[in-house]
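File shown: start_12.tsv. Contents: TSV, C-alpha atoms.
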```tsv
chain	number	residue	atom	x	y	z
A	9	MET	CA	-8.25	-4.14	110.59
A	10	LYS	CA	-5.36	-6.32	111.71
A	11	LEU	CA	-7.67	-9.30	112.23
A	12	LYS	CA	-9.25	-8.76	108.81
A	13	PHE	CA	-5.78	-8.67	107.23
A	14	LEU	CA	-4.77	-11.92	108.96
A	15	ILE	CA	-7.96	-13.62	107.81
A	16	GLN	CA	-7.36	-12.49	104.23
A	17	LEU	CA	-3.76	-13.70	104.42
A	18	ALA	CA	-4.90	-17.09	105.68
A	19	LEU	CA	-7.48	-17.35	102.89
A	20	PHE	CA	-4.87	-16.50	100.25
A	21	SER	CA	-2.55	-19.16	101.68
A	22	ILE	CA	-5.29	-21.77	101.62
A	23	LEU	CA	-6.20	-20.79	98.06
A	24	GLY	CA	-2.55	-21.01	97.00
A	25	LEU	CA	-2.19	-24.49	98.49
A	26	ALA	CA	-5.38	-25.63	96.79
A	27	GLN	CA	-4.14	-24.34	93.44
A	28	ALA	CA	-0.80	-26.09	93.93
A	29	GLN	CA	-2.51	-29.40	94.74
A	30	ASP	CA	-4.37	-29.24	91.43
A	31	TYR	CA	-1.39	-27.89	89.48
A	32	PRO	CA	-0.89	-28.59	86.68
A	33	SER	CA	-4.42	-29.33	85.51
A	34	LYS	CA	-3.76	-28.33	81.89
A	35	PRO	CA	-0.77	-28.08	79.52
A	36	VAL	CA	2.15	-25.85	80.56
A	37	LYS	CA	3.99	-23.73	78.01
A	38	PHE	CA	7.77	-23.19	77.94
A	39	LEU	CA	8.78	-20.03	76.09
A	40	VAL	CA	12.22	-20.16	74.44
A	41	GLY	CA	13.67	-16.94	73.07
A	42	TYR	CA	15.67	-18.63	70.32
A	43	VAL	CA	15.09	-20.74	67.23
A	44	ALA	CA	14.49	-24.48	67.42
A	45	GLY	CA	17.70	-26.50	67.46
A	46	GLY	CA	19.78	-24.04	69.48
A	47	SER	CA	21.22	-24.71	72.92
A	48	PRO	CA	18.35	-23.20	75.00
A	49	ASP	CA	15.81	-25.02	72.83
A	50	PHE	CA	17.66	-28.32	73.37
A	51	VAL	CA	17.57	-27.86	77.15
A	52	ALA	CA	13.91	-26.83	77.15
A	53	ARG	CA	12.77	-29.84	75.12
A	54	ALA	CA	14.74	-32.30	77.23
A	55	LEU	CA	13.25	-30.85	80.41
A	56	ALA	CA	9.72	-30.54	79.02
A	57	GLN	CA	9.69	-34.22	78.12
A	58	LYS	CA	10.66	-35.25	81.66
A	59	LEU	CA	8.26	-32.85	83.37
A	60	SER	CA	5.41	-34.15	81.22
A	61	ASP	CA	6.08	-37.62	82.63
A	62	ILE	CA	6.56	-36.48	86.22
A	63	LEU	CA	3.58	-34.11	86.48
A	64	ASN	CA	1.22	-35.95	84.11
A	65	GLN	CA	0.48	-32.94	81.91
A	66	PRO	CA	2.02	-31.86	78.61
A	67	PHE	CA	4.86	-29.35	78.86
A	68	LEU	CA	5.05	-27.72	75.44
A	69	VAL	CA	7.95	-25.71	74.00
A	70	GLU	CA	7.09	-22.55	72.07
A	71	ASN	CA	9.94	-20.77	70.28
A	72	LYS	CA	9.73	-16.97	70.31
A	73	PRO	CA	13.03	-15.85	68.77
A	74	GLY	CA	14.00	-12.21	68.68
A	75	GLY	CA	16.22	-9.67	70.40
A	76	GLY	CA	18.56	-12.22	71.94
A	77	GLY	CA	15.77	-13.72	74.03
A	78	ILE	CA	14.16	-10.39	74.92
A	79	THR	CA	10.98	-11.02	72.91
A	80	ALA	CA	10.15	-14.20	74.83
A	81	THR	CA	10.95	-12.64	78.21
A	82	ALA	CA	8.79	-9.60	77.47
A	83	GLN	CA	5.91	-11.93	76.59
A	84	LEU	CA	6.36	-13.95	79.77
A	85	VAL	CA	6.10	-10.99	82.15
A	86	LYS	CA	2.71	-10.09	80.63
A	87	MET	CA	1.28	-13.55	81.27
A	88	PRO	CA	-0.81	-14.53	84.33
A	89	ALA	CA	1.33	-15.61	87.28
A	90	ASP	CA	-0.34	-19.01	87.47
A	91	GLY	CA	2.54	-21.32	86.55
A	92	TYR	CA	1.16	-22.23	83.13
A	93	THR	CA	3.63	-20.10	81.19
A	94	LEU	CA	7.32	-20.54	81.99
A	95	LEU	CA	10.55	-19.30	80.44
A	96	LEU	CA	13.71	-21.20	79.62
A	97	GLY	CA	15.97	-18.24	80.35
A	98	ASP	CA	19.64	-17.83	79.51
A	99	THR	CA	22.54	-15.54	80.31
A	100	SER	CA	22.01	-13.13	77.41
A	101	GLN	CA	18.45	-12.10	78.19
A	102	LEU	CA	18.87	-12.13	81.98
A	103	GLY	CA	22.41	-10.88	82.62
A	104	ILE	CA	23.61	-9.03	79.51
A	105	ALA	CA	20.50	-7.39	78.02
A	106	PRO	CA	19.91	-5.09	81.05
A	107	TYR	CA	23.16	-3.27	80.25
A	108	ILE	CA	22.73	-3.11	76.49
A	109	PHE	CA	19.16	-1.83	76.20
A	110	LYS	CA	18.01	1.37	77.91
A	111	SER	CA	14.30	0.53	77.72
A	112	LEU	CA	14.24	-3.20	78.38
A	113	PRO	CA	10.59	-4.31	78.76
A	114	TYR	CA	11.31	-6.18	82.00
A	115	ASP	CA	13.43	-6.02	85.12
A	116	THR	CA	15.31	-9.29	85.59
A	117	LEU	CA	14.99	-9.28	89.39
A	118	LYS	CA	11.59	-7.60	89.85
A	119	ASP	CA	9.48	-9.05	87.04
A	120	LEU	CA	10.59	-12.68	87.13
A	121	THR	CA	10.34	-15.50	89.66
A	122	SER	CA	13.24	-17.95	89.80
A	123	ILE	CA	12.14	-21.58	89.65
A	124	ALA	CA	15.39	-23.51	89.13
A	125	GLY	CA	18.86	-23.22	87.65
A	126	LEU	CA	19.60	-25.93	85.10
A	127	THR	CA	22.75	-25.95	82.97
A	128	SER	CA	26.03	-24.25	82.23
A	129	GLU	CA	27.88	-24.37	78.90
A	130	PRO	CA	31.42	-22.98	78.52
A	131	LEU	CA	32.53	-21.09	75.43
A	132	MET	CA	35.39	-22.28	73.24
A	133	ILE	CA	38.26	-20.15	71.93
A	134	VAL	CA	39.53	-21.71	68.71
A	135	SER	CA	41.98	-20.93	65.93
A	136	ASN	CA	42.39	-22.24	62.40
A	137	ALA	CA	44.58	-25.36	62.45
A	138	LYS	CA	46.71	-23.91	59.64
A	139	SER	CA	47.60	-20.79	61.63
A	140	ASN	CA	50.62	-20.31	63.88
A	141	ILE	CA	48.36	-20.01	66.92
A	142	LYS	CA	48.33	-23.47	68.44
A	143	THR	CA	47.93	-22.60	72.13
A	144	LEU	CA	46.52	-19.90	74.38
A	145	ASN	CA	50.08	-18.82	75.13
A	146	ASP	CA	50.71	-18.33	71.39
A	147	LEU	CA	47.70	-16.03	71.26
A	148	LEU	CA	48.76	-13.99	74.29
A	149	GLN	CA	52.36	-13.58	73.19
A	150	GLY	CA	51.39	-12.70	69.63
A	151	ALA	CA	48.75	-10.19	70.72
A	152	LYS	CA	51.10	-8.48	73.18
A	153	SER	CA	53.88	-8.25	70.59
A	154	ASN	CA	51.57	-7.01	67.83
A	155	PRO	CA	48.67	-4.98	69.26
A	156	ASN	CA	45.56	-5.12	67.03
A	157	LYS	CA	47.26	-7.38	64.47
A	158	PHE	CA	44.93	-10.19	65.52
A	159	ASN	CA	41.14	-10.19	65.33
A	160	TYR	CA	38.40	-12.41	66.70
A	161	GLY	CA	34.97	-13.43	65.50
A	162	SER	CA	31.82	-13.62	67.62
A	163	SER	CA	28.12	-14.27	67.11
A	164	GLY	CA	27.39	-10.55	67.18
A	165	VAL	CA	27.68	-7.33	69.16
A	166	GLY	CA	26.35	-7.92	72.67
A	167	SER	CA	26.51	-11.71	72.45
A	168	ILE	CA	28.06	-13.57	75.36
A	169	HIS	CA	30.94	-14.46	73.00
A	170	HIS	CA	31.64	-10.75	72.46
A	171	ILE	CA	31.25	-9.78	76.12
A	172	ALA	CA	33.43	-12.62	77.44
A	173	MET	CA	36.23	-11.85	74.99
A	174	GLU	CA	36.26	-8.16	75.84
A	175	ALA	CA	36.63	-9.06	79.52
A	176	PHE	CA	39.48	-11.42	78.60
A	177	LYS	CA	41.24	-8.71	76.58
A	178	ALA	CA	40.99	-6.21	79.41
A	179	ASP	CA	42.22	-8.60	82.09
A	180	ALA	CA	44.99	-10.08	79.93
A	181	GLY	CA	46.14	-6.67	78.73
A	182	VAL	CA	45.94	-7.41	74.99
A	183	GLU	CA	44.38	-5.67	71.99
A	184	ILE	CA	42.45	-7.91	69.57
A	185	THR	CA	39.97	-6.43	67.09
A	186	HIS	CA	36.36	-7.60	67.23
A	187	ILE	CA	34.67	-8.83	64.03
A	188	PRO	CA	30.96	-9.48	64.70
A	189	TYR	CA	28.92	-11.99	62.69
A	190	LYS	CA	25.26	-12.92	62.67
A	191	GLY	CA	25.56	-16.20	64.54
A	192	SER	CA	27.77	-19.26	64.22
A	193	GLY	CA	26.44	-19.91	60.70
A	194	GLN	CA	28.65	-17.01	59.58
A	195	SER	CA	31.41	-16.99	62.19
A	196	VAL	CA	32.49	-20.64	61.86
A	197	PRO	CA	33.05	-20.40	58.07
A	198	ALA	CA	35.03	-17.20	58.76
A	199	ILE	CA	37.50	-18.96	61.07
A	200	LEU	CA	37.77	-21.95	58.71
A	201	SER	CA	38.61	-19.66	55.80
A	202	GLY	CA	41.12	-17.67	57.83
A	203	ASP	CA	39.13	-14.42	57.73
A	204	VAL	CA	39.53	-14.10	61.50
A	205	THR	CA	42.44	-15.09	63.72
A	206	ILE	CA	40.41	-16.71	66.46
A	207	LEU	CA	36.77	-17.40	67.21
A	208	VAL	CA	34.76	-17.46	70.42
A	209	THR	CA	31.92	-19.92	69.97
A	210	ALA	CA	29.83	-22.72	71.44
A	211	PHE	CA	31.00	-26.31	71.39
A	212	THR	CA	28.03	-27.41	69.31
A	213	ALA	CA	29.20	-25.13	66.48
A	214	SER	CA	32.90	-25.94	66.69
A	215	ALA	CA	32.88	-29.63	67.71
A	216	PRO	CA	32.85	-31.20	64.20
A	217	HIS	CA	35.80	-29.03	63.15
A	218	ILE	CA	37.76	-29.70	66.34
A	219	LYS	CA	37.26	-33.43	65.81
A	220	ALA	CA	38.32	-33.10	62.17
A	221	ASN	CA	41.47	-31.21	63.26
A	222	SER	CA	40.42	-28.15	61.26
A	223	LEU	CA	40.33	-26.02	64.40
A	224	ASN	CA	42.67	-25.80	67.39
A	225	LEU	CA	40.94	-25.60	70.76
A	226	LEU	CA	42.96	-23.00	72.66
A	227	ALA	CA	40.96	-22.53	75.85
A	228	VAL	CA	37.57	-22.74	77.53
A	229	THR	CA	35.94	-19.81	79.33
A	230	SER	CA	34.60	-21.80	82.29
A	231	GLY	CA	36.01	-21.56	85.81
A	232	LYS	CA	37.82	-24.88	85.47
A	233	ARG	CA	39.04	-27.25	82.78
A	234	TRP	CA	36.48	-29.28	80.89
A	235	SER	CA	36.75	-33.01	81.52
A	236	ARG	CA	36.27	-33.84	77.83
A	237	TYR	CA	39.45	-31.91	76.94
A	238	PRO	CA	41.53	-32.08	80.12
A	239	ASP	CA	44.67	-30.83	78.35
A	240	THR	CA	42.96	-27.60	77.27
A	241	PRO	CA	43.41	-24.76	79.79
A	242	ALA	CA	40.62	-22.73	81.32
A	243	ILE	CA	41.19	-18.99	81.10
A	244	SER	CA	40.71	-18.86	84.88
A	245	GLU	CA	44.19	-20.41	85.17
A	246	ILE	CA	45.74	-17.15	84.01
A	247	ILE	CA	42.98	-14.70	85.04
A	248	LYS	CA	41.66	-15.26	88.55
A	249	ASP	CA	37.92	-15.89	88.86
A	250	PHE	CA	37.38	-15.66	85.09
A	251	ASP	CA	34.22	-17.66	84.42
A	252	PHE	CA	31.97	-16.89	81.47
A	253	ALA	CA	29.50	-19.62	80.56
A	254	ALA	CA	26.09	-19.66	78.94
A	255	GLU	CA	23.69	-20.66	81.72
A	256	THR	CA	20.05	-21.68	81.56
A	257	GLY	CA	17.26	-21.81	84.10
A	258	VAL	CA	13.50	-21.84	84.49
A	259	LEU	CA	11.59	-18.69	85.42
A	260	ALA	CA	7.97	-17.59	85.79
A	261	PRO	CA	6.24	-14.21	86.00
A	262	ALA	CA	6.56	-12.43	89.34
A	263	GLY	CA	3.84	-13.32	91.81
A	264	VAL	CA	3.55	-17.05	91.22
A	265	SER	CA	2.29	-18.90	94.27
A	266	PRO	CA	5.18	-20.21	96.43
A	267	ALA	CA	3.38	-23.55	96.57
A	268	ILE	CA	3.44	-23.82	92.76
A	269	VAL	CA	7.09	-22.76	92.71
A	270	GLN	CA	7.84	-25.51	95.21
A	271	LYS	CA	5.98	-28.13	93.18
A	272	LEU	CA	7.81	-27.14	90.01
A	273	THR	CA	11.27	-26.99	91.55
A	274	VAL	CA	10.88	-30.40	93.17
A	275	ALA	CA	9.80	-31.87	89.82
A	276	ILE	CA	12.68	-30.16	87.99
A	277	LYS	CA	15.20	-31.50	90.51
A	278	GLN	CA	13.79	-34.98	89.97
A	279	ALA	CA	14.00	-34.51	86.20
A	280	THR	CA	17.62	-33.35	86.21
A	281	GLU	CA	18.66	-36.32	88.34
A	282	SER	CA	17.01	-38.91	86.09
A	283	PRO	CA	19.41	-41.15	84.08
A	284	ASP	CA	17.65	-40.58	80.74
A	285	PHE	CA	17.81	-36.78	81.15
A	286	ILE	CA	21.50	-36.93	82.05
A	287	ASN	CA	22.16	-39.24	79.11
A	288	LYS	CA	20.78	-36.66	76.65
A	289	PHE	CA	23.64	-34.32	77.60
A	290	LYS	CA	26.53	-36.79	77.45
A	291	GLU	CA	27.72	-35.74	74.00
A	292	THR	CA	27.30	-32.02	74.65
A	293	ALA	CA	29.27	-29.33	76.49
A	294	PHE	CA	26.49	-28.78	79.01
A	295	SER	CA	27.06	-29.31	82.72
A	296	ILE	CA	23.85	-30.07	84.56
A	297	GLY	CA	23.78	-28.19	87.84
A	298	TYR	CA	20.38	-27.91	89.51
A	299	MET	CA	19.86	-24.81	91.68
A	300	ASN	CA	16.86	-24.20	93.90
A	301	PRO	CA	14.98	-20.87	93.57
A	302	ASN	CA	17.11	-19.02	96.13
A	303	GLU	CA	20.37	-20.35	94.70
A	304	TYR	CA	19.34	-19.45	91.18
A	305	THR	CA	18.32	-15.93	92.19
A	306	GLU	CA	21.71	-15.42	93.83
A	307	GLN	CA	23.44	-16.70	90.68
A	308	ILE	CA	21.48	-14.22	88.56
A	309	LYS	CA	22.49	-11.38	90.90
A	310	LYS	CA	26.13	-12.47	90.69
A	311	ASN	CA	25.92	-12.56	86.88
A	312	LEU	CA	24.37	-9.09	86.75
A	313	LYS	CA	27.37	-7.66	88.60
A	314	LYS	CA	29.83	-9.54	86.40
A	315	TYR	CA	28.19	-8.54	83.13
A	316	GLU	CA	27.78	-4.92	84.15
A	317	ARG	CA	31.58	-4.68	84.21
A	318	ALA	CA	32.05	-6.80	81.08
A	319	VAL	CA	29.57	-4.78	79.01
A	320	ALA	CA	31.27	-1.56	80.14
A	321	LEU	CA	34.59	-2.97	78.94
A	322	SER	CA	33.06	-3.79	75.55
A	323	LYS	CA	32.06	-0.11	75.12
A	324	ILE	CA	28.68	-1.05	73.68
A	325	GLN	CA	26.37	1.96	73.35
A	326	ALA	CA	23.07	1.16	75.05
A	327	GLU	CA	20.22	1.13	72.56
```

Show me the file's structure as structure tokens.
Amino acid sequence: MKLKFLIQLALFSILGLAQAQDYPSKPVKFLVGYVAGGSPDFVARALAQKLSDILNQPFLVENKPGGGGITATAQLVKMPADGYTLLLGDTSQLGIAPYIFKSLPYDTLKDLTSIAGLTSEPLMIVSNAKSNIKTLNDLLQGAKSNPNKFNYGSSGVGSIHHIAMEAFKADAGVEITHIPYKGSGQSVPAILSGDVTILVTAFTASAPHIKANSLNLLAVTSGKRWSRYPDTPAISEIIKDFDFAAETGVLAPAGVSPAIVQKLTVAIKQATESPDFINKFKETAFSIGYMNPNEYTEQIKKNLKKYERAVALSKIQAE
């Protein structure tokens, strides 16, 4: 029996190597759980273009918005584990959703195969330029002196903006009321009109208004200051190890051949190091930080621990 098992194992290994040598022999699909034009979609299309050149097959982006990325992830885990359907995953569907939904249709660690980590994008905390809140210190002092006088806008209950701010409130010891909106299309007008005191948002949504001096940039939620705004503090300077950023990476269904994973991750590393790929991100808030499969898996595990605490602090009732 042992000999039979070893022979079968050898045959599977040979078959896997043969498949990898031919891979990809047809177009590869990237599922994105958000609408076209958003941050994950931008990353997916930039990467798909480079991989098409490197691997000589079309890499096509298919947007499957819904449930904060859950719809696309649920579709991925039902697909054959052959490397022809991939996911451009982000923090919400991988790290936050497991603690918000009781019956999530996938297990982040068991049902997905890490291929590569790609990007990180810090969140911005901004105030209306006409308000008295010009700095992070203004916000902290005002909130401590007047509990619940201030409020903040986010892109919705359970969004990374909401979760990160609740962690900030708990660690800073302040009370600020949450006002959820349905995305930046609603939350940015709210801060510009003065309906909310501050807003937690992405740079892409706030950049035009920061440049026009309509919004004050108070802080970034990354672990260190952002080089584009070196005078703006990172929250980690007042709260140790505070680091909340929207991260993206490439994943496949569980069970993909290690040889195919290796071929993909090598190609992705090559793509992320290419000058034209890097140039696409120059005017954005993205940091490109390639991670190999093991590194990316460890990052996902780290995020799961961090967001378990943060979601508990937000007091969201699991659906």

**Message:** Rounded to one decimal, what separation in Å do you get between atom CA of Asp90 of chain A and atom CA of Pro261 of chain A?
**Reply:** 8.3 Å

**Request:** Compile the contact shell of segment 208-211 of chain A as a list in words: residues with an atom at most 8 Å away, counting all atoms listed in the file, same-chain residues fewer than 5 positions apart removed.
**Result:**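 My list of contacting residues is Glu129, Pro130, Leu131, Met132, Ile133, Val134, Tyr160, Gly161, Ser162, Ser163, His169, His170, Met173, Ser192, Thr292 and Ala293 of chain A.
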
**Prompt:** Suppose you want the space between atom CA of Glu303 of chain A and atom CA of Ile123 of chain A; what is it in Å?
**Reply:**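 Separating atom CA of Glu303 of chain A from atom CA of Ile123 of chain A is a distance of 9.7 Å.
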
**Message:** Report as a ChimeraX atom specification all protein, DNA and RNA residues lying within 12 Å of Gly75 of chain A, evaluated on only C-alpha atoms, omitting residues in the same chain fewer than 5 positions from it.
**Reply:** /A:40-43,80-82,100-101,104-105,108-109,112-113,164-167,327

Any chance you could export the current selection's C-alpha atoms as a PDB file, in the frame of the given file?
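Writing the result to out-v4.pdb gives the following:
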```
ATOM      1  CA  VAL A  40      12.220 -20.160  74.440  1.00  0.00           C
ATOM      2  CA  GLY A  41      13.670 -16.940  73.070  1.00  0.00           C
ATOM      3  CA  TYR A  42      15.670 -18.630  70.320  1.00  0.00           C
ATOM      4  CA  VAL A  43      15.090 -20.740  67.230  1.00  0.00           C
ATOM      5  CA  ALA A  80      10.150 -14.200  74.830  1.00  0.00           C
ATOM      6  CA  THR A  81      10.950 -12.640  78.210  1.00  0.00           C
ATOM      7  CA  ALA A  82       8.790  -9.600  77.470  1.00  0.00           C
ATOM      8  CA  SER A 100      22.010 -13.130  77.410  1.00  0.00           C
ATOM      9  CA  GLN A 101      18.450 -12.100  78.190  1.00  0.00           C
ATOM     10  CA  ILE A 104      23.610  -9.030  79.510  1.00  0.00           C
ATOM     11  CA  ALA A 105      20.500  -7.390  78.020  1.00  0.00           C
ATOM     12  CA  ILE A 108      22.730  -3.110  76.490  1.00  0.00           C
ATOM     13  CA  PHE A 109      19.160  -1.830  76.200  1.00  0.00           C
ATOM     14  CA  LEU A 112      14.240  -3.200  78.380  1.00  0.00           C
ATOM     15  CA  PRO A 113      10.590  -4.310  78.760  1.00  0.00           C
ATOM     16  CA  GLY A 164      27.390 -10.550  67.180  1.00  0.00           C
ATOM     17  CA  VAL A 165      27.680  -7.330  69.160  1.00  0.00           C
ATOM     18  CA  GLY A 166      26.350  -7.920  72.670  1.00  0.00           C
ATOM     19  CA  SER A 167      26.510 -11.710  72.450  1.00  0.00           C
ATOM     20  CA  GLU A 327      20.220   1.130  72.560  1.00  0.00           C
TER      21      GLU A 327
END
```

**Request:** Rank nothing, just name the residue among A:Leu312, A:Leu321, A:Ala275, A:Ile187 nearest to Asp61 of chain A, using only C-alpha atoms.
**Result:** A:Ala275

**Item:** Residues within 10 Å of (32.4, -17.7, 60.9), file coords, only C-alpha atoms, listed as a PyMOL selection string
**Value:** chain A and resi 160-163+187-204+206-209+213

Store the residues picked out above, limited to C-alpha atoms, as a short mmCIF file (atom, residue, chain, number, x, y, z; two decimals), in the frame of the given file.
```cif
data_model
loop_
_atom_site.label_atom_id
_atom_site.label_comp_id
_atom_site.auth_asym_id
_atom_site.auth_seq_id
_atom_site.Cartn_x
_atom_site.Cartn_y
_atom_site.Cartn_z
CA TYR A 160 38.40 -12.41 66.70
CA GLY A 161 34.97 -13.43 65.50
CA SER A 162 31.82 -13.62 67.62
CA SER A 163 28.12 -14.27 67.11
CA ILE A 187 34.67 -8.83 64.03
CA PRO A 188 30.96 -9.48 64.70
CA TYR A 189 28.92 -11.99 62.69
CA LYS A 190 25.26 -12.92 62.67
CA GLY A 191 25.56 -16.20 64.54
CA SER A 192 27.77 -19.26 64.22
CA GLY A 193 26.44 -19.91 60.70
CA GLN A 194 28.65 -17.01 59.58
CA SER A 195 31.41 -16.99 62.19
CA VAL A 196 32.49 -20.64 61.86
CA PRO A 197 33.05 -20.40 58.07
CA ALA A 198 35.03 -17.20 58.76
CA ILE A 199 37.50 -18.96 61.07
CA LEU A 200 37.77 -21.95 58.71
CA SER A 201 38.61 -19.66 55.80
CA GLY A 202 41.12 -17.67 57.83
CA ASP A 203 39.13 -14.42 57.73
CA VAL A 204 39.53 -14.10 61.50
CA ILE A 206 40.41 -16.71 66.46
CA LEU A 207 36.77 -17.40 67.21
CA VAL A 208 34.76 -17.46 70.42
CA THR A 209 31.92 -19.92 69.97
CA ALA A 213 29.20 -25.13 66.48
#
```

**Message:** I'd like to know which of A:Glu183, A:Asp49, A:Glu174, A:Asp239 is closest to Asn156 of chain A, using only C-alpha atoms.
**Reply:**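 So, comparing all the options, the nearest one is A:Glu183.
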
Nearby residues (all atoms listed in the file) at most 7 Å from Val182 of chain A, same-chain spacing under 4 positions excluded, as a compact mmCIF listing (two decimals) with C-alpha atoms, in the frame of the given file:
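Generated output (part24.txt):
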```txt
# COMPACT_ATOMS: atom_id res chain seq x y z
CA ALA A 151 48.75 -10.19 70.72
CA LYS A 152 51.10 -8.48 73.18
CA PRO A 155 48.67 -4.98 69.26
CA LYS A 177 41.24 -8.71 76.58
CA ALA A 178 40.99 -6.21 79.41
```

**Request:** Name the residues in contact with segment 244-254 of chain A at a cut-off of 9 Å, using all atoms listed in the file, excluding same-chain residues fewer than 3 positions from it; report them as a list of chain:residue names.
**Result:** A:Asp98, A:Thr99, A:Ser100, A:Thr127, A:Ser128, A:Glu129, A:Pro130, A:Leu131, A:Ile168, A:His169, A:Ile171, A:Ala172, A:Ala175, A:Phe176, A:Asp179, A:Ala180, A:Ala210, A:Val228, A:Thr229, A:Ser230, A:Gly231, A:Lys232, A:Arg233, A:Pro241

**Request:** May I have the residues within 12 Å of segment 69-73 of chain A as a PyMOL selection string, using only C-alpha atoms and disregarding those fewer than 2 positions away in the same chain?
**Result:** chain A and resi 35-46+48-57+59-60+66-67+75-84+92-97+101

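Picture a line from atom CA of Ile141 of chain A to atom CA of Lys314 of chain A; it runs 28.9 Å.
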
**Fill in**
From the list A:Leu226, A:Leu117, A:Ala262, A:Met87, the nearest residue to Asp146 of chain A using only C-alpha atoms is A:Leu226
